[in-house]
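Notes to accompany the following structure.
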Number of protein chains: 2
Amino acid sequence: MSQNQQSYHVAVVGATGAVGQKMIQTLEEQNLPIDKISLLASKRSLGKKVSFNGEEVEIKEAIPEAFEGVDIALFSAGGSISKKLAPEAVKRGAVVVDNTSAYRMDPEVPLVVPEVNEKDIKEHNGIIANPNCSTIQMVAALEPIRKAFGINRVIVSTYQAVSGAGNAAVEELKEQSQALLNGDEVNAELLPVKSDEKHYPIAFNALPQIDVFQDNGYTFEEMKMINETKKIMHLNELPVSATCVRLPFFTSHAESVYVEVEQGGASVEKIKELFQNAPGIVLEDDPNTQTYPTPLSAEGKRDVFVGRIRQDMDQSNGFHLWVVSDNLLKGAAWNSVQIAQSIIENNWLKK
Amino acid sequence: MSQNQQSYHVAVVGATGAVGQKMIQTLEEQNLPIDKISLLASKRSLGKKVSFNGEEVEIKEAIPEAFEGVDIALFSAGGSISKKLAPEAVKRGAVVVDNTSAYRMDPEVPLVVPEVNEKDIKEHNGIIANPNCSTIQMVAALEPIRKAFGINRVIVSTYQAVSGAGNAAVEELKEQSQALLNGDEVNAELLPVKSDEKHYPIAFNALPQIDVFQDNGYTFEEMKMINETKKIMHLNELPVSATCVRLPFFTSHAESVYVEVEQGGASVEKIKELFQNAPGIVLEDDPNTQTYPTPLSAEGKRDVFVGRIRQDMDQSNGFHLWVVSDNLLKGAAWNSVQIAQSIIENNWLKK
C-alpha cells in the first residue's frame with residue numbers, strides 16, 4: 001500500500017473461478033493504479049500461477065491473514081466464503097466488493113450498479129455488494145426510463161446462460177450437447193442446482209429453475225431480481241415480478257422486460273433516445289435491418305444491449321424491452337471493477 | 001369414400017415435412033375410421049413411400065385433381081400451397097384443416113383448439129384453421145382460468161424450439177452445435193427467417209425474432225399469438241402482448257405467461273385444481289420436488305403441461321404460469337387430427 005494512496009493493493013478472492021478470472025482480466029484492461037495484487041482461492045488451487053500485467057502471480061490460500069495490507073478485496077467465491085472472510089478483510093482495513101448474495105439485502109451494505117446508484121458506495125461500512133447478474137442488466141436498462149418518466153411496474157422473464165452457474169456448468173453443457181449429438185446417454189449431475197436433489201439435462205432444453213425454491217413458490221434467483229431491483233433503485237414499493245429460466249448457451253443473459261411508466265409522454269422513439277445517451281447502454285434496435293442483441297453478440301462486451309423496444313399493444317404506458325449483457329462482465333466482474341474504480345477515483349476507501 | 005360415411009378418405013398435404021410426418025403418425029395412432037389415405041407433397045418427393053397402418057403408401061403430387069373423393073384434407077405445406085390448393089380441395093367436396101397462417105384470421109374460417117372452441121368447427125365453410133403452435137398451448141392453459149374467473153390481461157414471453165421452423169432448422173441447429181463444440185466456424189443460413197436478409201447462429205444462442213417483422217415493431221409470430229388468442233377465445237378486446245424468442249432446442253415450446261383474472265377468489269391452489277380437471281392439460285407443479293415441465297420432458301406427448309404457478313408479487317389477481325407442449329403435436333399435428341376427429345364424430349363434414 002503506497003503512502004499517499006496513489007496506488008493500491010487489490011485482492012481477488014475466488015481467483016480461479018469463472019468470475020474471478022474475468023475480474024483479473026478486467027482489472028488488467030482497466031489499468032487501475034494497482035501496485036500489488038493478491039490472488040486468493042481455496043487450498044486446491046495453491047501454487048497455480050496466473051498472469052497479471054505481465055507477471056506470474058501465485059495463487060495463495062484465502063485465509064484471514066491474506067488480507068493484511070489489502071486496500072480493496074473483490075470477492076467471488078461463494079456466499080459462505082464471503083460470510084467468513086469479508087469481515088476479516090474489513091477488520092484488516094480493506095474495503096470489500098462482494099459478488100455473492102451474502103450481504104446484498106443487508107441494510108448496512110450498499111448494493112450498487114454504478115450507472116444507477118454510484119453514490120450509495122460512499123455509505124459503506126467496509127462492504128459493498130455487487131448485485132445478482134440478472135438484476136444488474138435489468139436495472140441498468142430501467143434507470144434511464146425511471147429518470148425520464150418514473151416507473152410503476154416491472155415484469156421480467158429471463159433467458160440465462162449456464163456460466164452463471166460456474167465453469168462446471170459450462171462443461172456440463174458441452175458434455176451433454178456432445179452426448180446428445182452422438183445419440184449417447186446424457187448425464188445430468190449439476191443443473192439446475194448442484195445441492196438440490198434432482199438434476200435435469202440443460203443441453204437442448206430449458207429449466208425454469210435457477211437457484212433453490214423459496215416458500216412462496218418463487219426461486220431464490222427470482223426473489224433476488226425482485227428484492228435487489230427495489231433496493232438498488234430506491235423504489236421499495238415498486239411492483240416487480242420475475243420468472244427465471246436457465247438455457248443452453250454459455251454466456252450472456254437475455255431478458256424480456258415489461259415496464260410501465262408513471263408519466264405520460266413516453267414513446268418508443270423517446271425511449272430509444274434515452275438509451276442512446278445512457279451510460280453503459282448500447283441501443284441495438286432496428287426491425288428493418290433485423291438489428292437486436294443476442295447472447296452471442298453481447299459476449300465479451302461490457303455494455304448492456306437493448307433492442308426490440310415496443311409499446312404494449314393495449315397499455316399505452318407499457319413498453320417491452322429485450323435486454324442482453326455478458327453475465328460474467330457487466331453481470332459480475334466488470335460491475336465489481338467499476339465499483340472498485342469508483343472507490344479509488346472518489347477516494348471512498350474510508351468513510 | 002364409403003356410402004354411409006362410416007369410413008373416410010383422408011389426405012395429408014405436406015406429407016414429408018416435420019408436421020406432415022407427425023400428422024400421419026398421429027392419424028395412425030388415433031385409429032380413426034380411415035379407408036383411404038392420400039399422401040401429397042411437392043414434385044420433389046414423388047415416388048417416396050411412407051408406411052401407414054402397415055401399408056406402404058406412395059407420395060403423390062399435390063395438384064387439384066388429387067383431392068377427388070377426399071373427405072378431409074390436412075394441410076401443412078406452407079401458406080402459399082394452402083391458398084392455392086385448399087379452395088380446390090373444398091371445391092371437390094373435402095373439408096380442409098389448414099395448419100398454415102393462410103386462413104387463420106379470415107372471418108369466414110373457424111380457428112380451433114378443441115379444448116377451447118370445438119363448437120366453432122361446425123360453422124365452417126369448407127376450411128377450418130389450425131392456430132399457430134405457440135398460440136395453441138397458451139389458450140389451452142388460459143381457457144380453464146377464463147371459464148372459472150374470466151381473464152382481462154395476458155403478457156407472454158416464449159421459449160420456442162427450432163422444429164417450428166421445419167426439418168432444415170433442426171439440421172441447422174445440429175450442424176452449428178457440432179461446429180461450435182469442435183471450435184469450427186459456424187454457418188447460419190436459415191434462422192431466424194429463411195427469406196430475410198440476415199441469418200444468425202441459433203446454436204448456443206437466443207434469437208428474439210420468429211417470422212418477419214411487422215410495421216408496428218412486433219414480429220408476425222407475436223402478432224399471431226396476439227390476434228389468434230382473441231379469435232379463439234372470442235375475447236376481441238382482451239389485452240394480449242407477446243415477445244417470441246427462438247432457442248436452441250429441438251422440440252416443444254415453453255412460455256412464461258402472465259395472466260390477470262377478472263373476478264376475485266382466484267388462488268394458486270384453485271388454479272392448480274382447475275388444471276387437474278382440464279382436458280388436455282397436465283399439471284406438473286411442485287417446488288418441493290422440483291417438479292415442472294421442460295421442453296425435453298414434454299417431447300413426444302400430446303398434452304399441454306403447466307407448472308411454476310405463482311401469484312404475482314404485487315397484483316393479487318395476477319398469476320404466472322410456465323406452459324410447455326410439443327410444438328409438432330399439440331402445436332400442430334395432434335390439434336389438426338383432433339379437429340378431424342371432431343368433424344367425424346360430430347358429423348360436421350357438411351354444414
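In the C-alpha cells, each chain is lettered A, B, ... as it comes, each chain's residues begin at 1, and ligands are numbered from 1 in order of appearance.
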
So that I can see what lies close to B:Lys224, please list as a list in words the residues with an atom at most 8 Å from it, counting only C-alpha atoms and leaving out residues fewer than 4 positions away in the same chain.
Asn132, Thr135, Phe220, Glu228 and Thr229 of chain B

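With only C-alpha atoms taken into account, the protein and nucleic acid residues at most 10 Å from A:Thr291 (excluding it and anything under 3 positions from it in its own chain) are Leu283, Glu284, Asp285, Asp286, Pro287, Asn288, Thr294, Gly307 and Arg308 of chain A; Lys198, Pro208 and Gln209 of chain B.
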
Would you put the residues from that selection into a file with N, CA and C atoms, as a short mmCIF file (atom, residue, chain, number, x, y, z; two decimals), in the first residue's frame?
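Result file is selection-v1.cif:
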data_model
loop_
_atom_site.label_atom_id
_atom_site.label_comp_id
_atom_site.auth_asym_id
_atom_site.auth_seq_id
_atom_site.Cartn_x
_atom_site.Cartn_y
_atom_site.Cartn_z
N LEU A 283 -27.86 0.84 -27.66
CA LEU A 283 -29.13 0.57 -28.33
C LEU A 283 -28.85 -0.24 -29.60
N GLU A 284 -29.46 -1.39 -29.71
CA GLU A 284 -29.36 -2.20 -30.94
C GLU A 284 -30.77 -2.56 -31.34
N ASP A 285 -31.42 -1.67 -32.04
CA ASP A 285 -32.84 -1.85 -32.27
C ASP A 285 -33.25 -1.27 -33.62
N ASP A 286 -33.34 -2.13 -34.61
CA ASP A 286 -33.89 -1.71 -35.90
C ASP A 286 -34.51 -2.91 -36.61
N PRO A 287 -35.84 -3.03 -36.50
CA PRO A 287 -36.51 -4.16 -37.15
C PRO A 287 -36.23 -4.21 -38.66
N ASN A 288 -36.06 -3.05 -39.28
CA ASN A 288 -35.85 -3.02 -40.74
C ASN A 288 -34.58 -3.73 -41.16
N THR A 294 -28.16 -10.38 -29.15
CA THR A 294 -28.34 -11.79 -28.80
C THR A 294 -27.24 -12.16 -27.80
N GLY A 307 -32.76 -3.91 -27.22
CA GLY A 307 -33.43 -3.89 -28.51
C GLY A 307 -34.88 -4.30 -28.38
N ARG A 308 -35.54 -4.50 -29.51
CA ARG A 308 -36.96 -4.93 -29.55
C ARG A 308 -37.87 -4.04 -28.70
N LYS B 198 -30.77 -11.23 -43.13
CA LYS B 198 -29.72 -11.66 -42.20
C LYS B 198 -30.06 -12.98 -41.54
N PRO B 208 -34.32 -13.17 -30.76
CA PRO B 208 -35.62 -12.55 -30.44
C PRO B 208 -36.39 -12.17 -31.69
N GLN B 209 -36.37 -13.05 -32.67
CA GLN B 209 -37.16 -12.85 -33.89
C GLN B 209 -37.66 -14.20 -34.38
#

Could you list, as an NGL selection string, the residues of chain B having an atom within 6 Å of chain A when counting only C-alpha atoms?
:B and (204-206 or 239 or 241 or 248-249 or 294-296 or 313-314)

Based on the selection just made, write all heavy atoms of those residues as a compact mmCIF listing (two decimals), in the first residue's frame.
# COMPACT_ATOMS: atom_id res chain seq x y z
N PHE B 204 -26.34 -22.45 -29.19
CA PHE B 204 -25.85 -21.74 -28.00
C PHE B 204 -26.15 -20.25 -28.08
O PHE B 204 -25.33 -19.40 -27.76
CB PHE B 204 -24.35 -22.01 -27.81
CG PHE B 204 -24.01 -23.48 -27.79
CD1 PHE B 204 -23.32 -24.08 -28.84
CD2 PHE B 204 -24.43 -24.27 -26.73
CE1 PHE B 204 -23.04 -25.45 -28.82
CE2 PHE B 204 -24.15 -25.64 -26.70
CZ PHE B 204 -23.45 -26.22 -27.75
N ASN B 205 -27.37 -19.94 -28.53
CA ASN B 205 -27.77 -18.54 -28.70
C ASN B 205 -29.28 -18.42 -28.49
O ASN B 205 -29.97 -19.42 -28.27
CB ASN B 205 -27.36 -18.06 -30.10
CG ASN B 205 -27.18 -16.55 -30.20
OD1 ASN B 205 -27.14 -15.84 -29.19
ND2 ASN B 205 -27.08 -16.05 -31.42
N ALA B 206 -29.79 -17.20 -28.57
CA ALA B 206 -31.23 -16.93 -28.47
C ALA B 206 -31.56 -15.84 -29.47
O ALA B 206 -30.89 -14.81 -29.48
CB ALA B 206 -31.59 -16.47 -27.05
N PRO B 239 -56.64 -7.66 -23.75
CA PRO B 239 -55.27 -7.18 -23.96
C PRO B 239 -54.28 -8.36 -23.91
O PRO B 239 -54.24 -9.10 -22.94
CB PRO B 239 -55.02 -6.23 -22.77
CG PRO B 239 -56.38 -5.90 -22.24
CD PRO B 239 -57.21 -7.13 -22.50
N SER B 241 -50.14 -9.19 -25.06
CA SER B 241 -48.87 -8.81 -25.68
C SER B 241 -47.92 -9.99 -25.64
O SER B 241 -48.03 -10.84 -24.75
CB SER B 241 -48.25 -7.59 -24.99
OG SER B 241 -48.53 -6.42 -25.72
N PRO B 248 -32.16 -22.68 -28.74
CA PRO B 248 -31.50 -23.88 -29.26
C PRO B 248 -31.96 -25.18 -28.60
O PRO B 248 -31.20 -25.83 -27.90
CB PRO B 248 -30.01 -23.60 -28.99
CG PRO B 248 -30.01 -22.69 -27.82
CD PRO B 248 -31.28 -21.88 -27.90
N PHE B 249 -33.22 -25.53 -28.81
CA PHE B 249 -33.63 -26.90 -28.53
C PHE B 249 -34.53 -27.35 -29.67
O PHE B 249 -35.04 -26.54 -30.45
CB PHE B 249 -34.28 -27.08 -27.15
CG PHE B 249 -35.19 -25.99 -26.67
CD1 PHE B 249 -36.52 -25.96 -27.06
CD2 PHE B 249 -34.74 -25.02 -25.79
CE1 PHE B 249 -37.39 -24.97 -26.60
CE2 PHE B 249 -35.60 -24.02 -25.32
CZ PHE B 249 -36.91 -24.00 -25.73
N THR B 294 -40.43 -29.32 -18.80
CA THR B 294 -39.36 -28.75 -19.62
C THR B 294 -39.60 -29.18 -21.07
O THR B 294 -40.36 -30.13 -21.32
CB THR B 294 -37.97 -29.26 -19.19
OG1 THR B 294 -37.86 -30.65 -19.52
CG2 THR B 294 -37.73 -29.05 -17.70
N PRO B 295 -38.95 -28.53 -22.03
CA PRO B 295 -39.10 -28.96 -23.42
C PRO B 295 -38.79 -30.46 -23.60
O PRO B 295 -39.53 -31.17 -24.28
CB PRO B 295 -38.11 -28.07 -24.17
CG PRO B 295 -38.09 -26.80 -23.37
CD PRO B 295 -38.19 -27.27 -21.93
N LEU B 296 -37.73 -30.94 -22.97
CA LEU B 296 -37.39 -32.37 -23.13
C LEU B 296 -38.45 -33.28 -22.52
O LEU B 296 -38.76 -34.33 -23.08
CB LEU B 296 -36.02 -32.68 -22.51
CG LEU B 296 -34.76 -32.35 -23.32
CD1 LEU B 296 -33.52 -32.81 -22.56
CD2 LEU B 296 -34.78 -32.99 -24.71
N MET B 313 -46.29 -10.99 -7.29
CA MET B 313 -45.82 -10.49 -6.01
C MET B 313 -46.66 -9.30 -5.51
O MET B 313 -46.71 -9.03 -4.31
CB MET B 313 -44.37 -10.03 -6.12
CG MET B 313 -43.39 -11.14 -6.41
SD MET B 313 -43.32 -12.42 -5.12
CE MET B 313 -42.62 -11.47 -3.76
N ASP B 314 -47.29 -8.58 -6.43
CA ASP B 314 -47.97 -7.34 -6.04
C ASP B 314 -49.42 -7.26 -6.47
O ASP B 314 -50.23 -6.63 -5.82
CB ASP B 314 -47.21 -6.14 -6.64
CG ASP B 314 -45.76 -6.15 -6.24
OD1 ASP B 314 -45.45 -5.68 -5.13
OD2 ASP B 314 -44.92 -6.67 -6.99

Selected residue of minimal separation from A:Ser7 among A:Ser134, A:Gln21, A:Lys122, A:Val70, counting only C-alpha atoms
A:Val70

Just asking: which residues within stretch 1-186 of chain A are helix (DSSP H, G or I) according to DSSP, as a PyMOL selection string?
chain A and resi 18-30+43-45+64-67+79-91+114-123+133-149+162-165+167-182

Quick one: residues within 12 Å of A:Glu345, only C-alpha atoms, excluding same-chain residues fewer than 5 positions away - as a PyMOL selection string?
chain A and resi 5-8+32-33+118+121-122+338-340

9 Å contact set for B:Asn99, only C-alpha atoms, chain neighbours under 5 positions out, as JSON, numbers by chain
{"B": [19, 74, 75, 76, 77, 78, 79, 82, 104, 128, 129, 130, 131, 132, 332, 333, 336]}

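For the pair atom CA of A:Phe319 and atom CA of B:Lys231, the interatomic distance is 23.8 Å.
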
Please give the complete set of residues from stretch 69-289 of chain B that DSSP, run on the backbone, assigns to strand (DSSP E), formatted as an MDAnalysis selection string.
chainID B and resid 72:75 95:98 127:129 151:159 240:243 253:261 281:283

Name the residues in contact with B:Gly69 at a cut-off of 12 Å, using only C-alpha atoms, excluding same-chain residues fewer than 3 positions from it; report them as a PyMOL selection string.
chain B and resi 1-3+5+8-11+35-38+64-66+72-73+89-95

Mind dumping the selected residues with N, CA, C and O atoms as a CSV table (one decimal), in the first residue's frame?
chain,number,residue,atom,x,y,z
B,1,MET,N,-64.3,-43.4,-50.6
B,1,MET,CA,-65.3,-42.9,-49.6
B,1,MET,C,-66.5,-43.9,-49.6
B,1,MET,O,-67.1,-44.3,-50.6
B,2,SER,N,-66.8,-44.4,-48.4
B,2,SER,CA,-67.8,-45.4,-48.2
B,2,SER,C,-69.2,-44.7,-48.3
B,2,SER,O,-69.3,-43.5,-48.1
B,3,GLN,N,-70.2,-45.5,-48.7
B,3,GLN,CA,-71.5,-45.0,-49.0
B,3,GLN,C,-72.1,-44.2,-47.8
B,3,GLN,O,-72.6,-43.2,-47.9
B,5,GLN,N,-70.6,-43.0,-45.1
B,5,GLN,CA,-69.7,-42.1,-44.3
B,5,GLN,C,-69.2,-42.7,-43.0
B,5,GLN,O,-68.9,-42.0,-42.1
B,8,TYR,N,-63.6,-42.9,-44.0
B,8,TYR,CA,-63.2,-41.7,-44.6
B,8,TYR,C,-61.9,-41.8,-45.5
B,8,TYR,O,-61.1,-42.6,-45.2
B,9,HIS,N,-61.9,-40.9,-46.5
B,9,HIS,CA,-60.7,-40.8,-47.3
B,9,HIS,C,-60.0,-39.5,-46.8
B,9,HIS,O,-60.6,-38.4,-46.9
B,10,VAL,N,-58.8,-39.6,-46.3
B,10,VAL,CA,-58.1,-38.5,-45.7
B,10,VAL,C,-56.9,-38.2,-46.5
B,10,VAL,O,-56.2,-39.1,-47.0
B,11,ALA,N,-56.6,-36.9,-46.7
B,11,ALA,CA,-55.4,-36.5,-47.4
B,11,ALA,C,-54.5,-35.7,-46.5
B,11,ALA,O,-55.0,-35.0,-45.6
B,35,ASP,N,-60.5,-45.2,-44.6
B,35,ASP,CA,-60.3,-46.4,-45.5
B,35,ASP,C,-59.3,-46.1,-46.6
B,35,ASP,O,-58.9,-47.0,-47.4
B,36,LYS,N,-59.0,-44.8,-46.8
B,36,LYS,CA,-58.0,-44.4,-47.8
B,36,LYS,C,-57.2,-43.2,-47.4
B,36,LYS,O,-57.8,-42.3,-46.8
B,37,ILE,N,-55.9,-43.2,-47.6
B,37,ILE,CA,-55.1,-42.0,-47.2
B,37,ILE,C,-54.4,-41.6,-48.5
B,37,ILE,O,-53.8,-42.5,-49.2
B,38,SER,N,-54.4,-40.3,-48.8
B,38,SER,CA,-53.6,-39.8,-49.9
B,38,SER,C,-52.5,-38.9,-49.3
B,38,SER,O,-52.8,-38.0,-48.5
B,64,PRO,N,-54.7,-30.1,-57.9
B,64,PRO,CA,-56.1,-30.0,-57.6
B,64,PRO,C,-56.8,-31.4,-57.8
B,64,PRO,O,-57.6,-31.8,-56.9
B,65,GLU,N,-56.5,-32.2,-58.8
B,65,GLU,CA,-57.1,-33.4,-59.0
B,65,GLU,C,-56.9,-34.5,-57.9
B,65,GLU,O,-57.7,-35.4,-57.8
B,66,ALA,N,-55.8,-34.3,-57.2
B,66,ALA,CA,-55.5,-35.2,-56.1
B,66,ALA,C,-56.6,-35.2,-55.0
B,66,ALA,O,-56.6,-36.2,-54.2
B,72,ILE,N,-61.5,-35.4,-45.9
B,72,ILE,CA,-60.9,-34.5,-45.0
B,72,ILE,C,-59.4,-34.3,-45.5
B,72,ILE,O,-58.7,-35.3,-45.6
B,73,ALA,N,-59.0,-33.1,-45.7
B,73,ALA,CA,-57.6,-32.9,-46.1
B,73,ALA,C,-56.9,-32.0,-45.0
B,73,ALA,O,-57.3,-30.9,-44.7
B,89,ALA,N,-59.5,-28.2,-53.0
B,89,ALA,CA,-60.0,-29.4,-52.2
B,89,ALA,C,-61.4,-29.2,-51.8
B,89,ALA,O,-62.3,-30.1,-51.9
B,90,VAL,N,-61.8,-28.0,-51.4
B,90,VAL,CA,-63.1,-27.7,-50.9
B,90,VAL,C,-64.1,-27.8,-52.1
B,90,VAL,O,-65.2,-28.4,-52.0
B,91,LYS,N,-63.7,-27.3,-53.3
B,91,LYS,CA,-64.5,-27.4,-54.5
B,91,LYS,C,-64.9,-28.9,-54.8
B,91,LYS,O,-65.9,-29.1,-55.3
B,92,ARG,N,-63.9,-29.8,-54.4
B,92,ARG,CA,-64.2,-31.2,-54.7
B,92,ARG,C,-64.8,-31.9,-53.5
B,92,ARG,O,-64.9,-33.1,-53.5
B,93,GLY,N,-65.3,-31.1,-52.6
B,93,GLY,CA,-66.1,-31.7,-51.5
B,93,GLY,C,-65.4,-32.1,-50.2
B,93,GLY,O,-66.0,-32.6,-49.3
B,94,ALA,N,-64.1,-31.7,-50.2
B,94,ALA,CA,-63.4,-32.0,-48.9
B,94,ALA,C,-63.5,-30.9,-47.9
B,94,ALA,O,-63.8,-29.8,-48.3
B,95,VAL,N,-63.4,-31.3,-46.7
B,95,VAL,CA,-63.2,-30.3,-45.6
B,95,VAL,C,-61.7,-30.2,-45.3
B,95,VAL,O,-61.0,-31.2,-45.2

Which residues, written as a PyMOL selection string, have at least one atom at most 7 Å from A:Ala41, with only C-alpha atoms counted and residues fewer than 3 positions away on the same chain left out?
chain A and resi 13-16+45+59-62

May I ask for the distance between atom CA of A:Asp184 and atom CA of A:Glu171, given in Å to one decimal place?
16.5 Å

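Interatomic distance, atom CA of B:Ala188 to atom CA of B:Ala169: 10.1 Å.
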
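With only C-alpha atoms as the basis for measurement, A:Ile145 is the residue among A:Ile145, A:Val193, A:Gln341, A:Gly166 that approaches A:Ala266 most closely.
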
Write out as a PDB file with all heavy atoms, in the first residue's frame each polymer residue whose atoms come within 9 Å of B:Arg146, counting only C-alpha atoms; drop sequence neighbours fewer than 6 positions from it.
ATOM      1  N   ASN B 152     -58.530 -10.786 -17.902  1.00  0.00           N
ATOM      2  CA  ASN B 152     -58.555  -9.458 -18.516  1.00  0.00           C
ATOM      3  C   ASN B 152     -57.184  -8.937 -18.943  1.00  0.00           C
ATOM      4  O   ASN B 152     -57.061  -7.765 -19.324  1.00  0.00           O
ATOM      5  CB  ASN B 152     -59.304  -8.441 -17.647  1.00  0.00           C
ATOM      6  CG  ASN B 152     -58.720  -8.332 -16.262  1.00  0.00           C
ATOM      7  OD1 ASN B 152     -57.537  -8.574 -16.081  1.00  0.00           O
ATOM      8  ND2 ASN B 152     -59.534  -7.955 -15.292  1.00  0.00           N
ATOM      9  N   MET B 233     -60.582 -17.446 -28.338  1.00  0.00           N
ATOM     10  CA  MET B 233     -61.281 -17.320 -27.063  1.00  0.00           C
ATOM     11  C   MET B 233     -62.527 -16.436 -27.154  1.00  0.00           C
ATOM     12  O   MET B 233     -63.219 -16.250 -26.144  1.00  0.00           O
ATOM     13  CB  MET B 233     -60.318 -16.778 -25.998  1.00  0.00           C
ATOM     14  CG  MET B 233     -59.093 -17.680 -25.807  1.00  0.00           C
ATOM     15  SD  MET B 233     -58.073 -17.204 -24.374  1.00  0.00           S
ATOM     16  CE  MET B 233     -58.905 -18.166 -23.087  1.00  0.00           C
ATOM     17  N   VAL B 261     -56.800 -12.186 -13.745  1.00  0.00           N
ATOM     18  CA  VAL B 261     -58.177 -12.684 -13.768  1.00  0.00           C
ATOM     19  C   VAL B 261     -59.139 -11.543 -13.442  1.00  0.00           C
ATOM     20  O   VAL B 261     -58.765 -10.551 -12.821  1.00  0.00           O
ATOM     21  CB  VAL B 261     -58.377 -13.866 -12.792  1.00  0.00           C
ATOM     22  CG1 VAL B 261     -57.452 -15.009 -13.166  1.00  0.00           C
ATOM     23  CG2 VAL B 261     -58.161 -13.439 -11.343  1.00  0.00           C
ATOM     24  N   GLU B 262     -60.399 -11.737 -13.869  1.00  0.00           N
ATOM     25  CA  GLU B 262     -61.401 -10.676 -13.701  1.00  0.00           C
ATOM     26  C   GLU B 262     -62.006 -10.651 -12.308  1.00  0.00           C
ATOM     27  O   GLU B 262     -62.188  -9.609 -11.708  1.00  0.00           O
ATOM     28  CB  GLU B 262     -62.544 -10.898 -14.709  1.00  0.00           C
ATOM     29  CG  GLU B 262     -62.422 -10.041 -15.939  1.00  0.00           C
ATOM     30  CD  GLU B 262     -63.489 -10.367 -16.955  1.00  0.00           C
ATOM     31  OE1 GLU B 262     -64.499 -11.012 -16.614  1.00  0.00           O
ATOM     32  OE2 GLU B 262     -63.284  -9.996 -18.123  1.00  0.00           O
TER      33      GLU B 262
END
